[in-house]
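Asker: Input structure: start.cif, which contains mmCIF, C-alpha atoms.
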data_data
loop_
_atom_site.label_atom_id
_atom_site.label_comp_id
_atom_site.auth_asym_id
_atom_site.auth_seq_id
_atom_site.Cartn_x
_atom_site.Cartn_y
_atom_site.Cartn_z
CA MET A 1 45.32 6.07 -69.32
CA SER A 2 45.12 9.81 -69.96
CA LEU A 3 46.52 12.39 -72.30
CA LYS A 4 47.33 15.59 -70.44
CA THR A 5 50.59 17.03 -71.80
CA ILE A 6 51.43 17.65 -75.45
CA LEU A 7 54.72 18.96 -76.81
CA VAL A 8 54.75 20.68 -80.21
CA PRO A 9 58.25 21.69 -81.41
CA LEU A 10 58.23 24.71 -83.74
CA SER A 11 60.84 25.87 -86.24
CA GLY A 12 59.59 29.21 -87.53
CA SER A 13 58.62 27.63 -90.85
CA ASP A 14 55.35 27.34 -92.76
CA THR A 15 54.69 23.91 -91.20
CA ASP A 16 54.24 25.40 -87.71
CA PRO A 17 50.50 26.18 -88.17
CA VAL A 18 49.87 22.56 -89.23
CA ALA A 19 51.46 21.13 -86.07
CA LEU A 20 49.91 23.79 -83.83
CA GLY A 21 46.43 23.29 -85.24
CA ALA A 22 46.60 19.55 -84.59
CA ALA A 23 48.14 19.93 -81.12
CA LEU A 24 45.55 22.47 -79.99
CA GLY A 25 42.73 20.35 -81.42
CA VAL A 26 43.94 17.34 -79.45
CA ALA A 27 44.36 19.50 -76.33
CA ARG A 28 40.76 20.66 -76.65
CA ARG A 29 39.45 17.11 -77.12
CA PHE A 30 41.25 15.72 -74.07
CA GLY A 31 41.33 18.78 -71.82
CA ALA A 32 45.12 18.77 -72.12
CA HIS A 33 47.98 21.28 -72.11
CA ALA A 34 49.88 21.98 -75.33
CA ASP A 35 53.43 23.21 -74.84
CA ALA A 36 55.01 24.96 -77.85
CA LEU A 37 58.79 24.63 -77.87
CA PHE A 38 61.28 26.58 -79.98
CA VAL A 39 64.95 25.56 -79.84
CA ARG A 40 67.43 28.32 -80.69
CA LEU A 41 70.81 27.22 -81.94
CA ASP A 42 73.68 28.43 -79.78
CA PRO A 43 75.68 30.73 -82.10
CA ARG A 44 78.85 28.96 -81.01
CA ASP A 45 77.50 25.72 -82.49
CA ALA A 46 77.29 27.41 -85.88
CA VAL A 47 81.09 27.57 -86.10
CA PRO A 48 82.50 24.12 -86.98
CA MET A 49 86.03 23.44 -85.76
CA LEU A 50 86.04 26.74 -83.88
CA GLY A 51 89.32 28.50 -84.41
CA GLU A 52 90.63 26.05 -87.00
CA GLY A 53 91.80 28.23 -89.87
CA MET A 54 89.39 31.05 -89.02
CA SER A 55 90.22 34.56 -87.94
CA GLY A 56 88.48 36.11 -84.97
CA ALA A 57 86.59 38.43 -87.32
CA MET A 58 85.29 35.47 -89.36
CA VAL A 59 84.12 33.65 -86.24
CA ASP A 60 82.33 36.77 -84.98
CA GLU A 61 80.61 37.27 -88.32
CA ILE A 62 79.39 33.67 -88.47
CA MET A 63 78.09 33.82 -84.91
CA ARG A 64 76.27 37.12 -85.49
CA ALA A 65 74.65 35.76 -88.64
CA ALA A 66 73.57 32.58 -86.84
CA GLU A 67 72.13 34.56 -83.95
CA GLY A 68 70.25 36.85 -86.32
CA GLU A 69 68.77 33.91 -88.21
CA ALA A 70 67.75 32.16 -84.98
CA ASN A 71 66.04 35.30 -83.69
CA ALA A 72 64.19 35.74 -86.98
CA HIS A 73 62.86 32.16 -86.85
CA LEU A 74 61.95 32.66 -83.18
CA THR A 75 59.88 35.73 -84.03
CA VAL A 76 58.02 33.84 -86.78
CA ALA A 77 57.40 30.81 -84.56
CA ARG A 78 56.12 32.97 -81.70
CA GLY A 79 53.79 34.73 -84.13
CA HIS A 80 52.46 31.38 -85.37
CA PHE A 81 51.83 30.33 -81.76
CA GLN A 82 49.98 33.50 -80.79
CA THR A 83 47.82 33.36 -83.92
CA ALA A 84 46.92 29.69 -83.47
CA VAL A 85 46.08 30.04 -79.77
CA ALA A 86 43.91 33.09 -80.41
CA ALA A 87 42.08 31.36 -83.27
CA ALA A 88 41.45 28.29 -81.11
CA GLY A 89 40.26 30.39 -78.17
CA ILE A 90 42.55 28.50 -75.78
CA THR A 91 43.87 30.02 -72.57
CA GLN A 92 47.62 30.44 -72.13
CA SER A 93 48.95 29.05 -68.88
CA THR A 94 52.16 27.69 -67.34
CA ALA A 95 50.39 25.65 -64.63
CA PRO A 96 47.49 23.15 -64.66
CA LYS A 97 43.98 24.59 -64.44
CA ALA A 98 41.16 23.07 -62.45
CA GLY A 99 38.87 20.80 -64.43
CA ASP A 100 39.39 19.85 -68.06
CA GLU A 101 40.02 23.26 -69.59
CA PRO A 102 42.57 23.02 -72.44
CA THR A 103 45.57 25.33 -72.11
CA ALA A 104 48.68 26.23 -74.07
CA GLY A 105 52.12 27.56 -73.20
CA TRP A 106 55.27 28.82 -74.90
CA ARG A 107 58.92 28.06 -74.22
CA ASP A 108 62.12 28.82 -76.10
CA VAL A 109 65.47 27.33 -75.12
CA VAL A 110 69.02 27.38 -76.48
CA GLY A 111 70.54 24.15 -77.77
CA ARG A 112 70.50 21.66 -80.62
CA GLY A 113 67.06 20.57 -81.73
CA GLU A 114 68.03 16.93 -82.20
CA GLU A 115 69.23 16.86 -78.58
CA VAL A 116 66.72 19.11 -76.81
CA VAL A 117 63.52 17.86 -78.44
CA PRO A 118 63.90 14.17 -77.45
CA GLN A 119 64.82 15.19 -73.89
CA GLU A 120 61.81 17.48 -73.53
CA GLY A 121 59.55 14.91 -75.16
CA ARG A 122 60.14 12.41 -72.37
CA LEU A 123 57.98 14.56 -70.12
CA ALA A 124 55.06 14.74 -72.56
CA ASP A 125 52.26 12.25 -73.19
CA LEU A 126 52.38 13.05 -76.91
CA MET A 127 54.60 14.96 -79.34
CA VAL A 128 53.10 16.60 -82.43
CA PHE A 129 54.94 17.37 -85.67
CA ALA A 130 53.96 18.27 -89.20
CA HIS A 131 54.87 15.49 -91.64
CA PRO A 132 58.57 16.13 -92.43
CA ALA A 133 59.73 16.38 -96.04
CA LEU A 134 63.30 15.14 -96.40
CA ASP A 135 63.81 16.97 -99.70
CA LYS A 136 62.61 20.31 -98.28
CA ASP A 137 63.41 20.24 -94.56
CA ALA A 138 66.32 17.93 -93.77
CA GLN A 139 66.75 19.35 -90.27
CA GLY A 140 63.07 18.84 -89.48
CA TYR A 141 63.30 15.25 -90.70
CA VAL A 142 66.31 14.60 -88.47
CA THR A 143 64.49 16.11 -85.46
CA VAL A 144 61.51 13.80 -86.01
CA GLU A 145 63.81 10.79 -86.40
CA THR A 146 65.71 11.52 -83.19
CA ALA A 147 62.48 12.19 -81.30
CA LEU A 148 61.00 8.91 -82.53
CA LEU A 149 64.04 6.90 -81.49
CA GLY A 150 65.07 8.85 -78.42
CA CYS A 151 62.10 10.17 -76.44
CA GLY A 152 60.24 6.97 -75.56
CA ARG A 153 56.91 8.69 -76.25
CA PRO A 154 54.40 8.51 -79.11
CA LEU A 155 54.64 11.02 -81.97
CA LEU A 156 51.67 12.37 -83.91
CA LEU A 157 52.71 13.28 -87.46
CA VAL A 158 50.20 15.50 -89.24
CA PRO A 159 49.88 16.24 -92.99
CA GLY A 160 48.99 19.65 -94.34
CA SER A 161 45.49 18.43 -95.17
CA ALA A 162 44.77 17.16 -91.65
CA PRO A 163 41.11 16.62 -90.68
CA ALA A 164 39.46 19.12 -88.37
CA GLU A 165 39.26 16.48 -85.63
CA ILE A 166 41.72 13.63 -85.26
CA GLY A 167 40.79 10.23 -83.86
CA ARG A 168 37.13 9.60 -84.66
CA ARG A 169 37.93 6.75 -87.07
CA VAL A 170 41.19 5.04 -86.11
CA ALA A 171 43.16 2.37 -87.95
CA VAL A 172 45.69 0.31 -85.97
CA ALA A 173 48.52 -1.28 -87.97
CA TRP A 174 49.43 -4.33 -85.90
CA ASN A 175 52.21 -6.88 -86.43
CA GLY A 176 52.79 -8.05 -82.88
CA SER A 177 56.09 -6.18 -82.41
CA ALA A 178 57.20 -4.30 -79.30
CA GLU A 179 57.06 -1.04 -81.29
CA SER A 180 53.44 -1.58 -82.32
CA ALA A 181 52.56 -2.49 -78.71
CA ARG A 182 54.04 0.82 -77.51
CA ALA A 183 52.09 2.66 -80.22
CA VAL A 184 48.82 1.06 -79.12
CA ALA A 185 49.54 1.94 -75.48
CA GLY A 186 50.30 5.55 -76.44
CA ALA A 187 47.18 5.74 -78.59
CA MET A 188 44.82 4.24 -76.00
CA PRO A 189 43.21 7.63 -75.12
CA PHE A 190 42.34 8.05 -78.82
CA LEU A 191 41.15 4.45 -79.16
CA GLN A 192 38.83 4.71 -76.15
CA LYS A 193 37.22 7.89 -77.53
CA ALA A 194 37.01 6.71 -81.15
CA GLU A 195 33.69 6.04 -82.88
CA VAL A 196 35.23 3.31 -85.06
CA VAL A 197 38.47 1.33 -84.70
CA HIS A 198 39.89 -0.90 -87.44
CA VAL A 199 42.77 -3.32 -86.84
CA LEU A 200 44.87 -3.80 -89.98
CA THR A 201 47.30 -6.71 -90.06
CA ALA A 202 49.40 -7.21 -93.19
CA GLU A 203 50.00 -10.95 -93.52
CA THR A 204 53.61 -11.50 -94.54
CA SER A 205 56.37 -14.06 -94.03
CA VAL A 206 56.99 -12.58 -90.55
CA THR A 207 53.44 -11.59 -89.51
CA SER A 208 50.51 -14.02 -89.26
CA ALA A 209 46.79 -13.28 -89.34
CA ALA A 210 46.57 -14.58 -85.76
CA ALA A 211 48.47 -11.49 -84.56
CA GLY A 212 45.55 -9.31 -85.62
CA ARG A 213 43.02 -11.46 -83.79
CA ARG A 214 45.05 -11.24 -80.56
CA ILE A 215 45.20 -7.44 -80.56
CA ALA A 216 41.45 -7.22 -81.27
CA ASP A 217 40.83 -9.34 -78.15
CA TYR A 218 43.20 -7.13 -76.13
CA LEU A 219 41.38 -3.97 -77.19
CA THR A 220 38.06 -5.52 -76.11
CA TRP A 221 39.41 -5.80 -72.55
CA HIS A 222 39.98 -2.03 -72.66
CA GLY A 223 36.44 -1.35 -73.80
CA VAL A 224 37.44 -0.78 -77.43
CA ALA A 225 35.37 -2.59 -80.06
CA SER A 226 37.31 -3.09 -83.29
CA GLN A 227 36.93 -4.49 -86.76
CA LEU A 228 39.74 -6.74 -88.01
CA THR A 229 41.01 -6.71 -91.59
CA ILE A 230 43.77 -9.04 -92.79
CA LEU A 231 45.71 -7.48 -95.67
CA LYS A 232 47.75 -9.35 -98.26
CA PRO A 233 50.28 -6.89 -99.69
CA GLY A 234 51.55 -9.21 -102.42
CA SER A 235 54.22 -7.34 -104.39
CA ASP A 236 53.20 -3.91 -103.00
CA PRO A 237 55.17 -2.33 -100.14
CA VAL A 238 53.50 -2.96 -96.77
CA GLY A 239 53.47 0.78 -96.09
CA LYS A 240 51.52 1.48 -99.28
CA THR A 241 49.06 -1.32 -98.51
CA LEU A 242 48.38 0.03 -95.03
CA ASN A 243 48.09 3.63 -96.24
CA ASP A 244 45.71 2.71 -99.06
CA ARG A 245 43.46 0.65 -96.80
CA ALA A 246 43.36 3.37 -94.14
CA ALA A 247 42.22 5.82 -96.82
CA GLU A 248 39.55 3.38 -98.06
CA ILE A 249 37.95 3.04 -94.63
CA GLY A 250 38.03 6.80 -94.06
CA ALA A 251 40.44 6.68 -91.13
CA ASP A 252 41.51 10.04 -89.71
CA LEU A 253 44.32 8.49 -87.64
CA LEU A 254 46.69 5.58 -88.24
CA VAL A 255 48.46 3.99 -85.25
CA MET A 256 51.67 2.07 -85.93
CA GLY A 257 55.08 1.16 -84.58
CA GLY A 258 58.09 3.12 -85.80
CA TYR A 259 61.15 1.04 -86.57
CA GLY A 260 64.83 1.87 -86.77
CA HIS A 261 68.26 1.48 -85.25
CA SER A 262 70.12 3.76 -82.86
CA ARG A 263 71.74 6.82 -84.40
CA MET A 264 75.03 5.58 -82.87
CA ARG A 265 74.76 2.79 -85.41
CA GLU A 266 73.99 5.24 -88.23
CA MET A 267 70.25 5.18 -87.87
CA ILE A 268 68.36 3.36 -90.56
CA LEU A 269 64.58 3.61 -90.39
CA GLY A 270 62.58 0.60 -91.47
CA GLY A 271 60.87 0.59 -94.86
CA VAL A 272 57.31 0.97 -93.55
CA THR A 273 58.37 3.84 -91.27
CA ARG A 274 60.18 5.64 -94.09
CA TYR A 275 57.16 5.21 -96.35
CA MET A 276 54.79 6.67 -93.77
CA LEU A 277 57.09 9.60 -92.98
CA SER A 278 57.12 10.47 -96.67
CA HIS A 279 53.75 9.42 -98.07
CA ALA A 280 51.01 9.11 -95.45
CA GLY A 281 48.03 11.27 -96.34
CA LEU A 282 46.50 11.12 -92.85
CA PRO A 283 47.71 11.75 -89.29
CA VAL A 284 49.95 8.95 -88.02
CA LEU A 285 50.56 8.16 -84.35
CA MET A 286 53.89 6.37 -84.19
CA ALA A 287 56.05 4.97 -81.38
CA HIS A 288 59.39 3.20 -81.32
#
Mind converting the file's structure to structure tokens?
Answerer:
Amino acid sequence: MSLKTILVPLSGSDTDPVALGAALGVARRFGAHADALFVRLDPRDAVPMLGEGMSGAMVDEIMRAAEGEANAHLTVARGHFQTAVAAAGITQSTAPKAGDEPTAGWRDVVGRGEEVVPQEGRLADLMVFAHPALDKDAQGYVTVETALLGCGRPLLLVPGSAPAEIGRRVAVAWNGSAESARAVAGAMPFLQKAEVVHVLTAETSVTSAAAGRRIADYLTWHGVASQLTILKPGSDPVGKTLNDRAAEIGADLLVMGGYGHSRMREMILGGVTRYMLSHAGLPVLMAH
């Protein structure tokens, strides 16, 4: 199992440096390529119900404004990328280099972020985002949701106070579900390089302590020694219990399944997933 391609979607906002810093740090650790992606909205998509009750002049004005805004965000995002790559001392390249030299590249495409990002993410080993804030960046939150549910790849969500190096002390939230199994598979490169791995199983009416013991045995077969902790959330939300325990053990990465329904069914993320998207104070590697 290897980690060679990383996709980091950018928006031209102040969260770009957070995502870029984490993505480039991971690229350096694994000798991987980090691909920065900016999605520009097609100006025609900025005009709802095109032609319905709008004059040609109004349509033109809306499209020009949308194009101007997209170009402004593009300029900011490209500046963030150039600054981060220069600070990290990483070579820019569009093709693989010999050996394990980390590289980075830039791409900008036209489309809708919630459609383009999941598609592009299917050809990456890992996607990296800054933790989205629903109250401040609704579009960013939607992009993360659609990527989680639609790309079939693990996502690394990084807070503003991310550690300098991610993955030395890893906590695995395990409940035996298919989603948590996919998260563990996606996180295996981190787990095999980690200095310490903790398995956290929250014992509830649907998850037994035995589930934690099984995953600890599985990790041993992959050369990963782990320490098992059975948590009893009681009246506290499971998400809070996991987050608090991860902080107590000094974890710099939490691995967990991400739960939710298809957007065609009006996507509803599970409670633990929502909690982690909003409250986690450490990087979270999540897969659906």
Asker: Could you state which residues are captured by the PyMOL selection byres ((chain A and resi 80) around 10) in this file, as a VMD selection string?
Answerer: chain A and resid 10 12 to 18 20 74 to 79 81 to 85
Asker: Kindly export the residues of the current selection with C-alpha atoms, as a PDB file, keeping the file's coordinate frame.
Answerer:
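Ended up saving to out24.pdb:
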ATOM      1  CA  LEU A  10      58.230  24.710 -83.740  1.00  0.00           C
ATOM      2  CA  GLY A  12      59.590  29.210 -87.530  1.00  0.00           C
ATOM      3  CA  SER A  13      58.620  27.630 -90.850  1.00  0.00           C
ATOM      4  CA  ASP A  14      55.350  27.340 -92.760  1.00  0.00           C
ATOM      5  CA  THR A  15      54.690  23.910 -91.200  1.00  0.00           C
ATOM      6  CA  ASP A  16      54.240  25.400 -87.710  1.00  0.00           C
ATOM      7  CA  PRO A  17      50.500  26.180 -88.170  1.00  0.00           C
ATOM      8  CA  VAL A  18      49.870  22.560 -89.230  1.00  0.00           C
ATOM      9  CA  LEU A  20      49.910  23.790 -83.830  1.00  0.00           C
ATOM     10  CA  LEU A  74      61.950  32.660 -83.180  1.00  0.00           C
ATOM     11  CA  THR A  75      59.880  35.730 -84.030  1.00  0.00           C
ATOM     12  CA  VAL A  76      58.020  33.840 -86.780  1.00  0.00           C
ATOM     13  CA  ALA A  77      57.400  30.810 -84.560  1.00  0.00           C
ATOM     14  CA  ARG A  78      56.120  32.970 -81.700  1.00  0.00           C
ATOM     15  CA  GLY A  79      53.790  34.730 -84.130  1.00  0.00           C
ATOM     16  CA  PHE A  81      51.830  30.330 -81.760  1.00  0.00           C
ATOM     17  CA  GLN A  82      49.980  33.500 -80.790  1.00  0.00           C
ATOM     18  CA  THR A  83      47.820  33.360 -83.920  1.00  0.00           C
ATOM     19  CA  ALA A  84      46.920  29.690 -83.470  1.00  0.00           C
ATOM     20  CA  VAL A  85      46.080  30.040 -79.770  1.00  0.00           C
TER      21      VAL A  85
END
Asker: If we count all atoms listed in the file, what is near Ala173 in chain A at a cut-off of 6 Å, once residues fewer than 5 positions away on the same chain are taken out, given as an mmCIF file with C-alpha atoms, in the coordinates of the input?
Answerer:
data_model
loop_
_atom_site.group_PDB
_atom_site.id
_atom_site.type_symbol
_atom_site.label_atom_id
_atom_site.label_comp_id
_atom_site.auth_asym_id
_atom_site.auth_seq_id
_atom_site.Cartn_x
_atom_site.Cartn_y
_atom_site.Cartn_z
ATOM 1 C CA LEU A 200 44.870 -3.800 -89.980
ATOM 2 C CA THR A 201 47.300 -6.710 -90.060
ATOM 3 C CA VAL A 255 48.460 3.990 -85.250
ATOM 4 C CA MET A 256 51.670 2.070 -85.930
#
Asker: Between A:Pro118, A:Gly281, A:Gly111, A:Gly239, single out the one closest to Gly152 in chain A, counting all atoms listed in the file.
Answerer: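 When distances to Gly152 in chain A are compared using all atoms listed in the file, the smallest one comes from A:Pro118.
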Asker: What is the distance between CA of Leu253 in chain A and CA of Thr91 in chain A, in Å to one decimal?
Answerer: 26.3 Å
Asker: Env of Thr94 in chain A: 12 Å cut, atoms = all atoms listed in the file, seq-sep filter 5 positions within chain, self excluded. Answer as a list in words.
Answerer: Thr5, His33, Ala34, Asp35, Ala36, Pro102, Thr103, Ala104, Gly105, Trp106 and Arg107 of chain A
Asker: Which residues, written as a list in words, have at least one atom at most 9 Å from range 221-232 of chain A, with all atoms listed in the file counted and residues fewer than 4 positions away on the same chain left out?
Answerer: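 In the requested form, the answer reads Met188, Leu191, Gln192, Lys193, Ala194, Val196, Val197, His198, Val199, Leu200, Thr201, Ala202, Glu203, Thr204, Ala209, Gly212, Arg213, Ala216, Asp217, Val238, Thr241, Leu242 and Arg245 of chain A.
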Asker: Check which residues satisfy the PyMOL selection byres ((chain A and resi 187) around 12) in the file shown, then give them as a PDB file with C-alpha atoms, in the frame of the given file.
Answerer:
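Contents of the output file selection.pdb:
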ATOM      1  CA  MET A   1      45.320   6.070 -69.320  1.00  0.00           C
ATOM      2  CA  SER A   2      45.120   9.810 -69.960  1.00  0.00           C
ATOM      3  CA  LEU A   3      46.520  12.390 -72.300  1.00  0.00           C
ATOM      4  CA  ASP A 125      52.260  12.250 -73.190  1.00  0.00           C
ATOM      5  CA  LEU A 126      52.380  13.050 -76.910  1.00  0.00           C
ATOM      6  CA  MET A 127      54.600  14.960 -79.340  1.00  0.00           C
ATOM      7  CA  ARG A 153      56.910   8.690 -76.250  1.00  0.00           C
ATOM      8  CA  PRO A 154      54.400   8.510 -79.110  1.00  0.00           C
ATOM      9  CA  LEU A 155      54.640  11.020 -81.970  1.00  0.00           C
ATOM     10  CA  LEU A 156      51.670  12.370 -83.910  1.00  0.00           C
ATOM     11  CA  ILE A 166      41.720  13.630 -85.260  1.00  0.00           C
ATOM     12  CA  GLY A 167      40.790  10.230 -83.860  1.00  0.00           C
ATOM     13  CA  VAL A 170      41.190   5.040 -86.110  1.00  0.00           C
ATOM     14  CA  ALA A 171      43.160   2.370 -87.950  1.00  0.00           C
ATOM     15  CA  VAL A 172      45.690   0.310 -85.970  1.00  0.00           C
ATOM     16  CA  ALA A 173      48.520  -1.280 -87.970  1.00  0.00           C
ATOM     17  CA  SER A 180      53.440  -1.580 -82.320  1.00  0.00           C
ATOM     18  CA  ALA A 181      52.560  -2.490 -78.710  1.00  0.00           C
ATOM     19  CA  ARG A 182      54.040   0.820 -77.510  1.00  0.00           C
ATOM     20  CA  ALA A 183      52.090   2.660 -80.220  1.00  0.00           C
ATOM     21  CA  VAL A 184      48.820   1.060 -79.120  1.00  0.00           C
ATOM     22  CA  ALA A 185      49.540   1.940 -75.480  1.00  0.00           C
ATOM     23  CA  GLY A 186      50.300   5.550 -76.440  1.00  0.00           C
ATOM     24  CA  MET A 188      44.820   4.240 -76.000  1.00  0.00           C
ATOM     25  CA  PRO A 189      43.210   7.630 -75.120  1.00  0.00           C
ATOM     26  CA  PHE A 190      42.340   8.050 -78.820  1.00  0.00           C
ATOM     27  CA  LEU A 191      41.150   4.450 -79.160  1.00  0.00           C
ATOM     28  CA  GLN A 192      38.830   4.710 -76.150  1.00  0.00           C
ATOM     29  CA  LYS A 193      37.220   7.890 -77.530  1.00  0.00           C
ATOM     30  CA  ALA A 194      37.010   6.710 -81.150  1.00  0.00           C
ATOM     31  CA  VAL A 197      38.470   1.330 -84.700  1.00  0.00           C
ATOM     32  CA  LEU A 219      41.380  -3.970 -77.190  1.00  0.00           C
ATOM     33  CA  VAL A 224      37.440  -0.780 -77.430  1.00  0.00           C
ATOM     34  CA  LEU A 253      44.320   8.490 -87.640  1.00  0.00           C
ATOM     35  CA  LEU A 254      46.690   5.580 -88.240  1.00  0.00           C
ATOM     36  CA  VAL A 255      48.460   3.990 -85.250  1.00  0.00           C
ATOM     37  CA  MET A 256      51.670   2.070 -85.930  1.00  0.00           C
ATOM     38  CA  GLY A 257      55.080   1.160 -84.580  1.00  0.00           C
ATOM     39  CA  VAL A 284      49.950   8.950 -88.020  1.00  0.00           C
ATOM     40  CA  LEU A 285      50.560   8.160 -84.350  1.00  0.00           C
ATOM     41  CA  MET A 286      53.890   6.370 -84.190  1.00  0.00           C
ATOM     42  CA  ALA A 287      56.050   4.970 -81.380  1.00  0.00           C
TER      43      ALA A 287
END
Asker: If you measure from CA of Val144 in chain A to CA of Arg64 in chain A, what distance in Å do you get, rounded to one decimal?
Answerer: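 That distance, rounded to one decimal, is 27.6 Å.
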Asker: Report, in Å with one decimal, the straight-line distance from CA of Pro283 in chain A to CA of Ser11 in chain A.
Answerer: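 Separating CA of Pro283 in chain A from CA of Ser11 in chain A is a distance of 19.5 Å.
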Asker: Here's the selection I'm unsure about, the PyMOL selection byres ((chain A and resi 150) around 10); applied to the file above, which residues does it give, as a list in words?
Answerer: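 For this structure, the PyMOL selection byres ((chain A and resi 150) around 10) resolves to Glu114, Glu115, Val117, Pro118, Gln119, Gly121, Arg122, Val144, Glu145, Thr146, Ala147, Leu148, Leu149, Cys151, Gly152, Arg153, Ser262, Arg263 and His288 of chain A.
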Asker: Can you pull out every residue within 9 Å of Ala22 in chain A, counting all atoms listed in the file, but drop anything in the same chain fewer than 2 positions away, and send it as a list in words?
Answerer: Pro17, Val18, Ala19, Leu20, Leu24, Gly25, Val26, Ala27, Val128, Phe129, Ala130, Leu156, Val158, Ala162, Pro163, Ala164, Glu165 and Ile166 of chain A
Asker: Do you know which residues are at most 7 Å from Gly31 in chain A counting only C-alpha atoms, after dropping those on the same chain fewer than 6 positions away, and could you put them as a list of chain:residue names?
Answerer: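 Close residues of Gly31 in chain A: A:Lys4, A:Asp100, A:Glu101, A:Pro102.
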